[in-house]
Number of protein chains: 4
Amino acid sequence: MSMSNGSDRLFSGLFACGGAATAVGDRALLAAMLDVEAALARGLASVGLIPSEAALTIAAAAADPDAFDLAELGAGSGESGTPVPAIVAALRARAGDAGEYVHVGATSQDIIDTGVMLASRRGLGFLLADLWGAGEECAKLATEHHSTVEIGRTLLQHAVPVTFGLKAAQWLSGLDAALAGLVQARDRDLAVSLGGAAGTLAAFEGHGFALGRFLAEELGLAPAELPWHAVRVRPARFASALGIALGAMAKVARDVILLAQTEVAEVRAGAGGSSAMPHKQNPVAAVAVVACADRAPGLVAAVLGSMAQEHERAAGGWQSEWRPVLELVALGGSAAASLRQLLEGLEVDIERMRHNVGLTGGLAMSESVVVALAPAVGFGRARELVGGAAREAAGAGSFRDALLSLPDVAAALPGEQLDQALAPEHYLGAADALIERALAAHRALAVEQR
Amino acid sequence: MSMSNGSDRLFSGLFACGGAATAVGDRALLAAMLDVEAALARGLASVGLIPSEAALTIAAAAADPDAFDLAELGAGSGESGTPVPAIVAALRARAGDAGEYVHVGATSQDIIDTGVMLASRRGLGFLLADLWGAGEECAKLATEHHSTVEIGRTLLQHAVPVTFGLKAAQWLSGLDAALAGLVQARDRDLAVSLGGAAGTLAAFEGHGFALGRFLAEELGLAPAELPWHAVRVRPARFASALGIALGAMAKVARDVILLAQTEVAEVRAGAGGSSAMPHKQNPVAAVAVVACADRAPGLVAAVLGSMAQEHERAAGGWQSEWRPVLELVALGGSAAASLRQLLEGLEVDIERMRHNVGLTGGLAMSESVVVALAPAVGFGRARELVGGAAREAAGAGSFRDALLSLPDVAAALPGEQLDQALAPEHYLGAADALIERALAAHRALAVEQR
Amino acid sequence: MSMSNGSDRLFSGLFACGGAATAVGDRALLAAMLDVEAALARGLASVGLIPSEAALTIAAAAADPDAFDLAELGAGSGESGTPVPAIVAALRARAGDAGEYVHVGATSQDIIDTGVMLASRRGLGFLLADLWGAGEECAKLATEHHSTVEIGRTLLQHAVPVTFGLKAAQWLSGLDAALAGLVQARDRDLAVSLGGAAGTLAAFEGHGFALGRFLAEELGLAPAELPWHAVRVRPARFASALGIALGAMAKVARDVILLAQTEVAEVRAGAGGSSAMPHKQNPVAAVAVVACADRAPGLVAAVLGSMAQEHERAAGGWQSEWRPVLELVALGGSAAASLRQLLEGLEVDIERMRHNVGLTGGLAMSESVVVALAPAVGFGRARELVGGAAREAAGAGSFRDALLSLPDVAAALPGEQLDQALAPEHYLGAADALIERALAAHRALAVEQR
Amino acid sequence: MSMSNGSDRLFSGLFACGGAATAVGDRALLAAMLDVEAALARGLASVGLIPSEAALTIAAAAADPDAFDLAELGAGSGESGTPVPAIVAALRARAGDAGEYVHVGATSQDIIDTGVMLASRRGLGFLLADLWGAGEECAKLATEHHSTVEIGRTLLQHAVPVTFGLKAAQWLSGLDAALAGLVQARDRDLAVSLGGAAGTLAAFEGHGFALGRFLAEELGLAPAELPWHAVRVRPARFASALGIALGAMAKVARDVILLAQTEVAEVRAGAGGSSAMPHKQNPVAAVAVVACADRAPGLVAAVLGSMAQEHERAAGGWQSEWRPVLELVALGGSAAASLRQLLEGLEVDIERMRHNVGLTGGLAMSESVVVALAPAVGFGRARELVGGAAREAAGAGSFRDALLSLPDVAAALPGEQLDQALAPEHYLGAADALIERALAAHRALAVEQR
């Protein structure tokens, strides 16, 4: 039996949806590192440190990552602490006479850091597209359901009415904030790392800054004012932004799972069946989002926990950071793809929402009645009266009747006025305006950042 | 024996330096929540929802947090899930006839969220001042030691020379990036939370947006476009920024601890003595920074892990977020105070740095020799020659002699040129320019953000 | 306004229920450390290293922790890295002529480690009592409701029937496993730490082992074969056991929150009210358990993350470990107290459970029908037939009718037999036997360990 | 370019040493799940629920995991939430007429949980062998270096003397405690999971317990009294034990990295070279151990954080737990292999240790002098005298001279006696006895558990 090391292939539908996971896999990471070596060679040629033809030969030799033996490179990482010496050796071998010009002036960390950033940027593209797509679906739901009354739930108990449109607008606001954070991280934190052996750029003989700029332009990464071999704010910020994005997505997915419960049934979310139980409608995509997100905080913690990197290059902390960062990209991308699919297929049961609002027999409107009563009897007295009626009705009977049986209430809120105070659709506050705010912010984000 | 619940009083010198810890302690948090209730009352009066005199009375009643019984309020949190109903009851009692106008239209979460943000902002002020102060010390060290040669260390092995000024500049770049992140979080994420029972602002009868703006101005917090009761990007971003700042500080402290080792002795950092061992110079302030920072990733993970908050208010996730956020402020503030003190008192031993550079007998200059040789013999051959000489010298004997015994080297780098290639001060690359970049960025930060 | 540092007083009802939080608070930790110094003095006297009267005087001076100034001791921790030198100085001052015999041969870490363990053991006593109490309630529920049919839910969708008794038995099995783990940790990991300055016991002049045994007996802690100043398996195991216990408790609480949802309503769990919404029955105690538990994984991670402690005493990792360990005790104790209270007051609505089982119109019995059909038609065909009927019924109409309309089914399961296959109470498998197993294990635990 | 999803192939020398990583990779996990289906079929046949020949056919069809298409199964996980339905379908197709007897009565979770446990147990075998091997090396070092004097270091400052043998014995005690914990977890927590659709074993028609026992025996896993679909103490305990083991290993590796520093040079640990810096001796294996360990706390936190699993099967928490558990096995196994290799190749420089002990000019012996002086002058006076001399000597000059210049000292400790008090080899306390204790415990562990 042939066995490869661990990966998420067996669970790819849960943890490797969309293109991000592949874009940060080991083959793609190798490709990114080879791209860095090729760009470095071109840069070295552009400043005259190596011959131009050598750069062309190196770039050609670096263009086919499949020509490299991952197992051999992996073994090399155990000898040198990184696979870079093995990659450089293999690339030199493939580059023939130009081989001696490979990796000139650079250090392993330059290649790995820049390669991780480059692969991350490629993976992030998929993530952002799907996250934006998920946001678009929320925007549609917010628009379409701006007057779909739904019960608001706090601590999973009925509270006061909201609209499903407002809930979707809230989802949207979280996804958009997450997206803005990732865009900021992409443009600021996904940077070239170039410092040479100990971060002085000494072996580049005065061309270090020019080379840094060249690499940034060639690779489409942010430039870095200083080498950051042992100052890890960049990966930490990027990892945090990914963790936050996964949290924002999980909020949506968890709400959907709760709304899809058999007893609640306000939405249907996916057809994950069960062979033994054909009636089940498992919300698989939502579960996938939550499962991806549940793995994130520990990965972010690993990146943060490795920030105290010793001197000019760390002995452990740096090495421990690579996989958590890349896994966060993969999980974030997978969650975004699942979330988008989830929202695209979401079926909303407006009737059921309406039905559920009434489950407490009007008690969910008690705050509304207090507000309506207060002008006549004052806040304190209004709270007392309504509280008493609610307690009476909670035992049995009708809240409306209990209220009307109180002379003060009957006087202040005769029939129709009480009914108005008890009507959920009349106690939605600023729900519409809030939806409008979320949509406006979403449109602004579209203009600014995409 | 009277016992209070856990706190950091017994270890305050390690975990509660500076003013931040006190500013987010429970008494201060209560004060912040009372400030929120007072501002809410003023706001309600300003839009005509309650009488102006009532607002004045409420504000007066809220002005003395010491008049409230923390134990009683704490017990109330067990009955209601938050201490706010107990706070409101106590405040109403103190406000007499105006009592019924306390907390009108608001929900517990409005008060706690805004109170946590307000206390955090107060604590953050201390943190930022000390973090800036620590950066200033790094800037001084970078300037003063721009030509102090020190060995660069990777994986805790001697690599190639750097300057201590560059190391300090790297520290500075990390602290400044952390500070910029905290300032961004302060101005964007430390926001008013106002939504009412389920986030619709319904009980504010159309004045919700005006009240939100009023609270932001009164309390000096950022406004929020939408209520964020269950969309927790704000606390997550703030917690991440704190975690990153603690990581950036720990990098400095860890370097100092390593430099202060008895065998390295390049710096002296503090006089933490030992009664039994009077010779010890424990780097206590640096240890305090590391100890604070080591607690951070788990706290950030707790905040991120609680982001999937259910529906309109969470049953557990929200409540679990309060203390980790406030602890991160306290630990960040304490670490910043310790770091500033550490750097202010740091004694640098230039002679020892110079001495340590030479410990490998010139082998740390091998890359420099390769670079010097390459124009004559090519990179490939240069690497071979130097590698051979280094292996020979590593056994015994002099690296210089081993090099000179090679005809190719002797021809390419006669006497003086080889000595130049072996001189650490001639192989510092862009160290000075990098220091200048870090200092320029620091000055720009000063202009922009303080 | 007087402000103390952060603590959980303001939220004590959520995070400091029961006695554990107080038992590990800073005053109590000081008391524990003073107890260690007193026991050490008695031990030193018992082996003849100090005069017996001195030991008596020291013990008397250490008996009143309230006589010590926490603020002063805390400040001392900033000078020395631990508060122990300040404690020793204060204790010496109080002990007069016997003062010079305080702390003989010991190092700060001996006192702190042993003190943390002692305070933890005291706090753990409360935790274990409440955890046992919560288990007892589960055992009662499991017994009482062994035939209360409830729908089983997977991925929050109706699956097949279970009993509420089985659910309670599952809860019990988790709590008992957690309790067994804590008892093991108590008896193995809560140990004396005694090593002297660098773990050789050198200053005890050959009496080190005897002193270790003496301290273990006096303080009721486990003995340690070797000093463990920098080998932190003990705190790591203890922290993990606490984290696992919090997770096991959270499972129960989360189930309760879900069962208490307005739409599910199978249990009522507490009366956490809302002033604005008098109808609400917030499950506050369950929320408190979840909120405590959500903070745990990050704290455990902090302890695990600090295990790589340098040489004979760490510079940061050790110091960072104290509070997370003690907080885990406090949170575990608080969660246990809340959980016990929650379960003691849990109201179970048997009728509602029965009602909810039927919500899918019999589809939850599809597996049961497959099992009943298989002998006649084979598993493959049975799955097909039932799946088809279920899909038909899911659209509209009756599952029973859909089944009976299939000739194969009608032949194999005529009327009464089909009704039996569709009766939840006939498809409970080993539920009763499983309950019995959980109860038997619980009784065995009672015999063994309490 | 062909790209597979992420894995550790490119860094296998750091994160996938030894056999554990492969044993828990996706192909191996599939193999384990197929083994579970095969064993289930045999069990079903043994109790008469399916034909014996069908079981044979199924087992044969399950014997070749390479015949299954991982990509297809992975895609299936996105449809069903687990790959099990796709695995079952593929297995049924391969089993022909016996196909309908595949997976009878079981649920996806039974297969995945048991499969994860089985793969974990296989991976753990490699881990335990290497961890034991590493312990053996520590035992050798402890024996060989029982009288090799080394300076004890606290907070990375010289403290009092120890022996390198004692340091190795401390390492051993940590590794042995970790190993014992893993063995306990293996025998108790790596258990069969069998419950059927909602944990009642209903579809096994009374044979559930017998089947559970059968599976445990066939697969070499622990039996489980109750199904544990949603009570996750087992994976949590196992993950914690792995996290603790990684922490215990990291302690050793970090010490080695520090001892191998160019300035300390007490050990040489591996030949991880650098092409640019041929003199470097990077401690790659030690770095690999630390890097593996740094990733662990976050993974343990993820497992603990997913314990609150809803009802009879979780919607997210369960799914998020698989990879962290398996990654911990892979990382633990890789770290153990690296650590063993590190210790097998460790070169100890006894002379350098001796040299370093003297770096403080005798100040490291100050506690020893206090102990020697106390009988004559009392503890208080002895501390004063020695402290004064130490402060004087710290400025300049000889500690011995400073001591002898004090009449009290000269009188109490004439020449030779003072020299004895200043001799590191005479102030080693119980070092030898402690080594013996560690070795005895190690031998006992060998007898008990292997």
# chains A, B, ... in the order shown; residues from 1 in each chain; ligands from 1
call {"tool": "residues_around", "arguments": {"residues": "range 350-365 of chain B", "least_positions_apart": "2", "cutoff": "9 Å", "atoms": "only C-alpha atoms", "output": "ChimeraX atom specification"}}
result
/B:145,148-152,158-161,164,264-267,348,367-370,390,393-394,397-400,421-424,427 /D:262-263,277-280
call {"tool": "select_by_dssp", "arguments": {"residues": "range 376-425 of chain C", "states": "alpha helix (DSSP H)", "output": "PyMOL selection string"}}
result
chain C and resi 376-377+379-395+399-404+407-412+415-421
call {"tool": "write_last_selection", "arguments": {"atoms": "C-alpha atoms", "output": "PDB file, in the first residue's frame"}}
result
ATOM      1  CA  ALA C 376     -38.022 -10.248   4.253  1.00  0.00           C
ATOM      2  CA  VAL C 377     -36.518  -8.292   1.369  1.00  0.00           C
ATOM      3  CA  PHE C 379     -30.984  -4.878   3.319  1.00  0.00           C
ATOM      4  CA  GLY C 380     -30.432  -3.379  -0.087  1.00  0.00           C
ATOM      5  CA  ARG C 381     -34.047  -3.582  -1.162  1.00  0.00           C
ATOM      6  CA  ALA C 382     -35.263  -2.451   2.269  1.00  0.00           C
ATOM      7  CA  ARG C 383     -33.138   0.686   2.061  1.00  0.00           C
ATOM      8  CA  GLU C 384     -34.521   1.439  -1.394  1.00  0.00           C
ATOM      9  CA  LEU C 385     -38.146   0.964  -0.455  1.00  0.00           C
ATOM     10  CA  VAL C 386     -37.961   3.003   2.714  1.00  0.00           C
ATOM     11  CA  GLY C 387     -35.920   5.720   1.064  1.00  0.00           C
ATOM     12  CA  GLY C 388     -38.515   6.049  -1.654  1.00  0.00           C
ATOM     13  CA  ALA C 389     -41.382   6.227   0.794  1.00  0.00           C
ATOM     14  CA  ALA C 390     -39.530   8.761   2.899  1.00  0.00           C
ATOM     15  CA  ARG C 391     -38.902  11.011  -0.074  1.00  0.00           C
ATOM     16  CA  GLU C 392     -42.532  10.768  -1.036  1.00  0.00           C
ATOM     17  CA  ALA C 393     -43.721  11.553   2.482  1.00  0.00           C
ATOM     18  CA  ALA C 394     -41.249  14.404   2.893  1.00  0.00           C
ATOM     19  CA  GLY C 395     -43.044  16.195   0.103  1.00  0.00           C
ATOM     20  CA  PHE C 399     -44.958   8.140   5.791  1.00  0.00           C
ATOM     21  CA  ARG C 400     -47.054   5.242   7.010  1.00  0.00           C
ATOM     22  CA  ASP C 401     -49.376   5.537   4.029  1.00  0.00           C
ATOM     23  CA  ALA C 402     -46.489   5.827   1.652  1.00  0.00           C
ATOM     24  CA  LEU C 403     -44.995   2.662   3.088  1.00  0.00           C
ATOM     25  CA  LEU C 404     -48.240   0.741   2.981  1.00  0.00           C
ATOM     26  CA  PRO C 407     -46.741  -3.970  -2.035  1.00  0.00           C
ATOM     27  CA  ASP C 408     -43.432  -5.360  -0.722  1.00  0.00           C
ATOM     28  CA  VAL C 409     -43.795  -3.449   2.488  1.00  0.00           C
ATOM     29  CA  ALA C 410     -47.448  -4.248   2.913  1.00  0.00           C
ATOM     30  CA  ALA C 411     -46.625  -7.921   2.486  1.00  0.00           C
ATOM     31  CA  ALA C 412     -43.668  -7.981   4.807  1.00  0.00           C
ATOM     32  CA  GLY C 415     -50.563  -3.207   9.697  1.00  0.00           C
ATOM     33  CA  GLU C 416     -49.638  -3.963  13.261  1.00  0.00           C
ATOM     34  CA  GLN C 417     -46.079  -4.939  12.494  1.00  0.00           C
ATOM     35  CA  LEU C 418     -45.519  -1.730  10.612  1.00  0.00           C
ATOM     36  CA  ASP C 419     -47.006   0.223  13.482  1.00  0.00           C
ATOM     37  CA  GLN C 420     -44.595  -1.496  15.793  1.00  0.00           C
ATOM     38  CA  ALA C 421     -41.685  -0.570  13.537  1.00  0.00           C
TER      39      ALA C 421
END
call {"tool": "closest_atom_pairs", "arguments": {"of": "chain D", "to": "chain A", "cutoff": "6 Å", "atoms": "only C-alpha atoms", "output": "tab-separated table"}}
result
residue	atom	partner	partner_atom	distance
D:Met3	CA	A:Arg27	CA	5.5
D:Ser4	CA	A:Thr22	CA	6.0
D:Asn5	CA	A:Gly25	CA	4.6
D:Gly6	CA	A:Gly25	CA	3.4
D:Ser7	CA	A:Ser7	CA	4.8
D:Arg9	CA	A:Gly74	CA	5.6
D:Leu10	CA	A:Gly74	CA	4.3
D:Phe11	CA	A:Gly74	CA	4.7
D:Ser12	CA	A:Gly74	CA	4.6
D:Gly13	CA	A:Gly78	CA	3.5
D:Leu14	CA	A:Gly78	CA	5.3
D:Ala21	CA	A:Asn5	CA	5.8
D:Thr22	CA	A:Asn5	CA	4.6
D:Gly25	CA	A:Gly6	CA	3.4
D:Asp26	CA	A:Gly6	CA	5.3
D:Arg27	CA	A:Met3	CA	5.4
D:Leu70	CA	A:Leu10	CA	5.7
D:Gly74	CA	A:Leu10	CA	4.3
D:Ala75	CA	A:Gly13	CA	4.8
D:Ser77	CA	A:Gly13	CA	4.9
D:Gly78	CA	A:Gly13	CA	3.5
D:Glu79	CA	A:Gly272	CA	5.5
D:Ser80	CA	A:Gly272	CA	4.6
D:Gly81	CA	A:Val284	CA	5.2
D:Gly272	CA	A:Ser80	CA	4.6
D:Gly273	CA	A:Ser80	CA	5.9
D:Val284	CA	A:Gly81	CA	5.2
D:Val287	CA	A:Gly316	CA	4.9
D:Val290	CA	A:Gly316	CA	5.1
D:Ala291	CA	A:Gly316	CA	4.4
D:Arg295	CA	A:Ala302	CA	5.6
D:Gly298	CA	A:Gly298	CA	3.6
D:Leu299	CA	A:Gly298	CA	5.7
D:Ala301	CA	A:Gly298	CA	5.9
D:Ala302	CA	A:Arg295	CA	5.6
D:Ala315	CA	A:Val287	CA	5.3
D:Gly316	CA	A:Ala291	CA	4.4
D:Gln319	CA	A:Ala291	CA	5.6
D:Ser320	CA	A:Ala291	CA	4.4
call {"tool": "atom_distance", "arguments": {"atom1": "CA of Ala198 in chain B", "atom2": "CA of Val233 in chain B"}}
result
18.0 Å
call {"tool": "closest_residue", "arguments": {"among": "A:Ala98, A:Leu343, A:Leu179, A:Ile87", "to": "Gly125 in chain A", "atoms": "only C-alpha atoms"}}
result
A:Leu179
call {"tool": "select_by_dssp", "arguments": {"residues": "range 47-239 of chain D", "states": "strand (DSSP E or B)", "output": "number ranges by chain"}}
result
D: 149-154, 157-163, 191, 222
call {"tool": "closest_residue", "arguments": {"among": "A:Ala210, A:Leu131, A:Ile58, A:Gly115", "to": "Ala248 in chain A", "atoms": "only C-alpha atoms"}}
result
A:Leu131
call {"tool": "residues_around", "arguments": {"residues": "Asp176 in chain B", "least_positions_apart": "5", "cutoff": "9 Å", "atoms": "only C-alpha atoms", "output": "JSON, numbers by chain"}}
result
{"B": [131, 132, 135, 171, 181, 441, 442, 445]}
call {"tool": "atom_distance", "arguments": {"atom1": "CA of Arg188 in chain C", "atom2": "CA of Leu128 in chain C"}}
result
15.7 Å
call {"tool": "atom_distance", "arguments": {"atom1": "CA of Gly96 in chain C", "atom2": "CA of Gln109 in chain C"}}
result
24.3 Å
call {"tool": "closest_residue", "arguments": {"among": "B:Ala191, B:Leu91, B:Gly243, B:Arg237", "to": "Pro223 in chain B", "atoms": "only C-alpha atoms"}}
result
B:Ala191
call {"tool": "decode", "arguments": {"residues": "range 8-17 of chain B", "atoms": "all heavy atoms", "output": "mmCIF file, in the first residue's frame"}}
result
data_model
loop_
_atom_site.group_PDB
_atom_site.id
_atom_site.type_symbol
_atom_site.label_atom_id
_atom_site.label_comp_id
_atom_site.auth_asym_id
_atom_site.auth_seq_id
_atom_site.Cartn_x
_atom_site.Cartn_y
_atom_site.Cartn_z
ATOM 1 N N ASP B 8 -4.236 39.761 40.086
ATOM 2 C CA ASP B 8 -2.791 39.753 39.937
ATOM 3 C C ASP B 8 -2.085 40.623 40.960
ATOM 4 O O ASP B 8 -0.971 41.064 40.728
ATOM 5 C CB ASP B 8 -2.425 40.186 38.509
ATOM 6 C CG ASP B 8 -2.697 39.080 37.498
ATOM 7 O OD1 ASP B 8 -2.647 37.907 37.889
ATOM 8 O OD2 ASP B 8 -2.934 39.399 36.335
ATOM 9 N N ARG B 9 -2.709 40.852 42.108
ATOM 10 C CA ARG B 9 -2.056 41.726 43.073
ATOM 11 C C ARG B 9 -0.739 41.163 43.587
ATOM 12 O O ARG B 9 0.232 41.879 43.761
ATOM 13 C CB ARG B 9 -2.996 42.000 44.256
ATOM 14 C CG ARG B 9 -3.883 43.216 43.992
ATOM 15 C CD ARG B 9 -4.667 43.575 45.213
ATOM 16 N NE ARG B 9 -5.587 42.478 45.553
ATOM 17 C CZ ARG B 9 -6.196 42.343 46.712
ATOM 18 N NH1 ARG B 9 -5.967 43.228 47.690
ATOM 19 N NH2 ARG B 9 -7.025 41.361 46.940
ATOM 20 N N LEU B 10 -0.724 39.850 43.843
ATOM 21 C CA LEU B 10 0.461 39.246 44.442
ATOM 22 C C LEU B 10 1.636 39.224 43.474
ATOM 23 O O LEU B 10 2.783 39.114 43.875
ATOM 24 C CB LEU B 10 0.104 37.818 44.897
ATOM 25 C CG LEU B 10 1.088 37.058 45.757
ATOM 26 C CD1 LEU B 10 1.528 37.876 46.954
ATOM 27 C CD2 LEU B 10 0.456 35.752 46.216
ATOM 28 N N PHE B 11 1.318 39.311 42.189
ATOM 29 C CA PHE B 11 2.367 39.296 41.173
ATOM 30 C C PHE B 11 2.314 40.567 40.340
ATOM 31 O O PHE B 11 2.670 40.583 39.175
ATOM 32 C CB PHE B 11 2.186 38.072 40.263
ATOM 33 C CG PHE B 11 2.252 36.770 41.004
ATOM 34 C CD1 PHE B 11 1.096 36.109 41.395
ATOM 35 C CD2 PHE B 11 3.472 36.216 41.333
ATOM 36 C CE1 PHE B 11 1.150 34.918 42.089
ATOM 37 C CE2 PHE B 11 3.540 35.015 42.025
ATOM 38 C CZ PHE B 11 2.380 34.360 42.406
ATOM 39 N N SER B 12 1.863 41.648 40.994
ATOM 40 C CA SER B 12 1.597 42.857 40.211
ATOM 41 C C SER B 12 2.855 43.386 39.536
ATOM 42 O O SER B 12 2.772 43.980 38.464
ATOM 43 C CB SER B 12 0.963 43.929 41.092
ATOM 44 O OG SER B 12 1.822 44.246 42.167
ATOM 45 N N GLY B 13 4.000 43.159 40.133
ATOM 46 C CA GLY B 13 5.230 43.645 39.522
ATOM 47 C C GLY B 13 5.540 42.948 38.213
ATOM 48 O O GLY B 13 6.283 43.474 37.385
ATOM 49 N N LEU B 14 4.968 41.781 38.027
ATOM 50 C CA LEU B 14 5.183 41.056 36.776
ATOM 51 C C LEU B 14 4.053 41.270 35.788
ATOM 52 O O LEU B 14 4.273 41.358 34.591
ATOM 53 C CB LEU B 14 5.320 39.548 37.057
ATOM 54 C CG LEU B 14 6.539 39.107 37.847
ATOM 55 C CD1 LEU B 14 6.441 37.625 38.195
ATOM 56 C CD2 LEU B 14 7.813 39.363 37.050
ATOM 57 N N PHE B 15 2.817 41.304 36.311
ATOM 58 C CA PHE B 15 1.661 41.240 35.420
ATOM 59 C C PHE B 15 0.749 42.455 35.505
ATOM 60 O O PHE B 15 -0.290 42.481 34.854
ATOM 61 C CB PHE B 15 0.845 39.972 35.718
ATOM 62 C CG PHE B 15 1.629 38.702 35.493
ATOM 63 C CD1 PHE B 15 1.885 37.826 36.533
ATOM 64 C CD2 PHE B 15 2.121 38.401 34.237
ATOM 65 C CE1 PHE B 15 2.615 36.662 36.329
ATOM 66 C CE2 PHE B 15 2.848 37.236 34.023
ATOM 67 C CZ PHE B 15 3.102 36.359 35.083
ATOM 68 N N ALA B 16 1.094 43.408 36.348
ATOM 69 C CA ALA B 16 0.215 44.575 36.465
ATOM 70 C C ALA B 16 1.025 45.854 36.607
ATOM 71 O O ALA B 16 0.660 46.748 37.354
ATOM 72 C CB ALA B 16 -0.746 44.395 37.645
ATOM 73 N N CYS B 17 2.127 45.931 35.863
ATOM 74 C CA CYS B 17 2.905 47.171 35.837
ATOM 75 C C CYS B 17 2.144 48.224 35.026
ATOM 76 O O CYS B 17 1.286 47.897 34.214
ATOM 77 C CB CYS B 17 4.250 46.922 35.173
ATOM 78 S SG CYS B 17 5.344 45.872 36.132
#
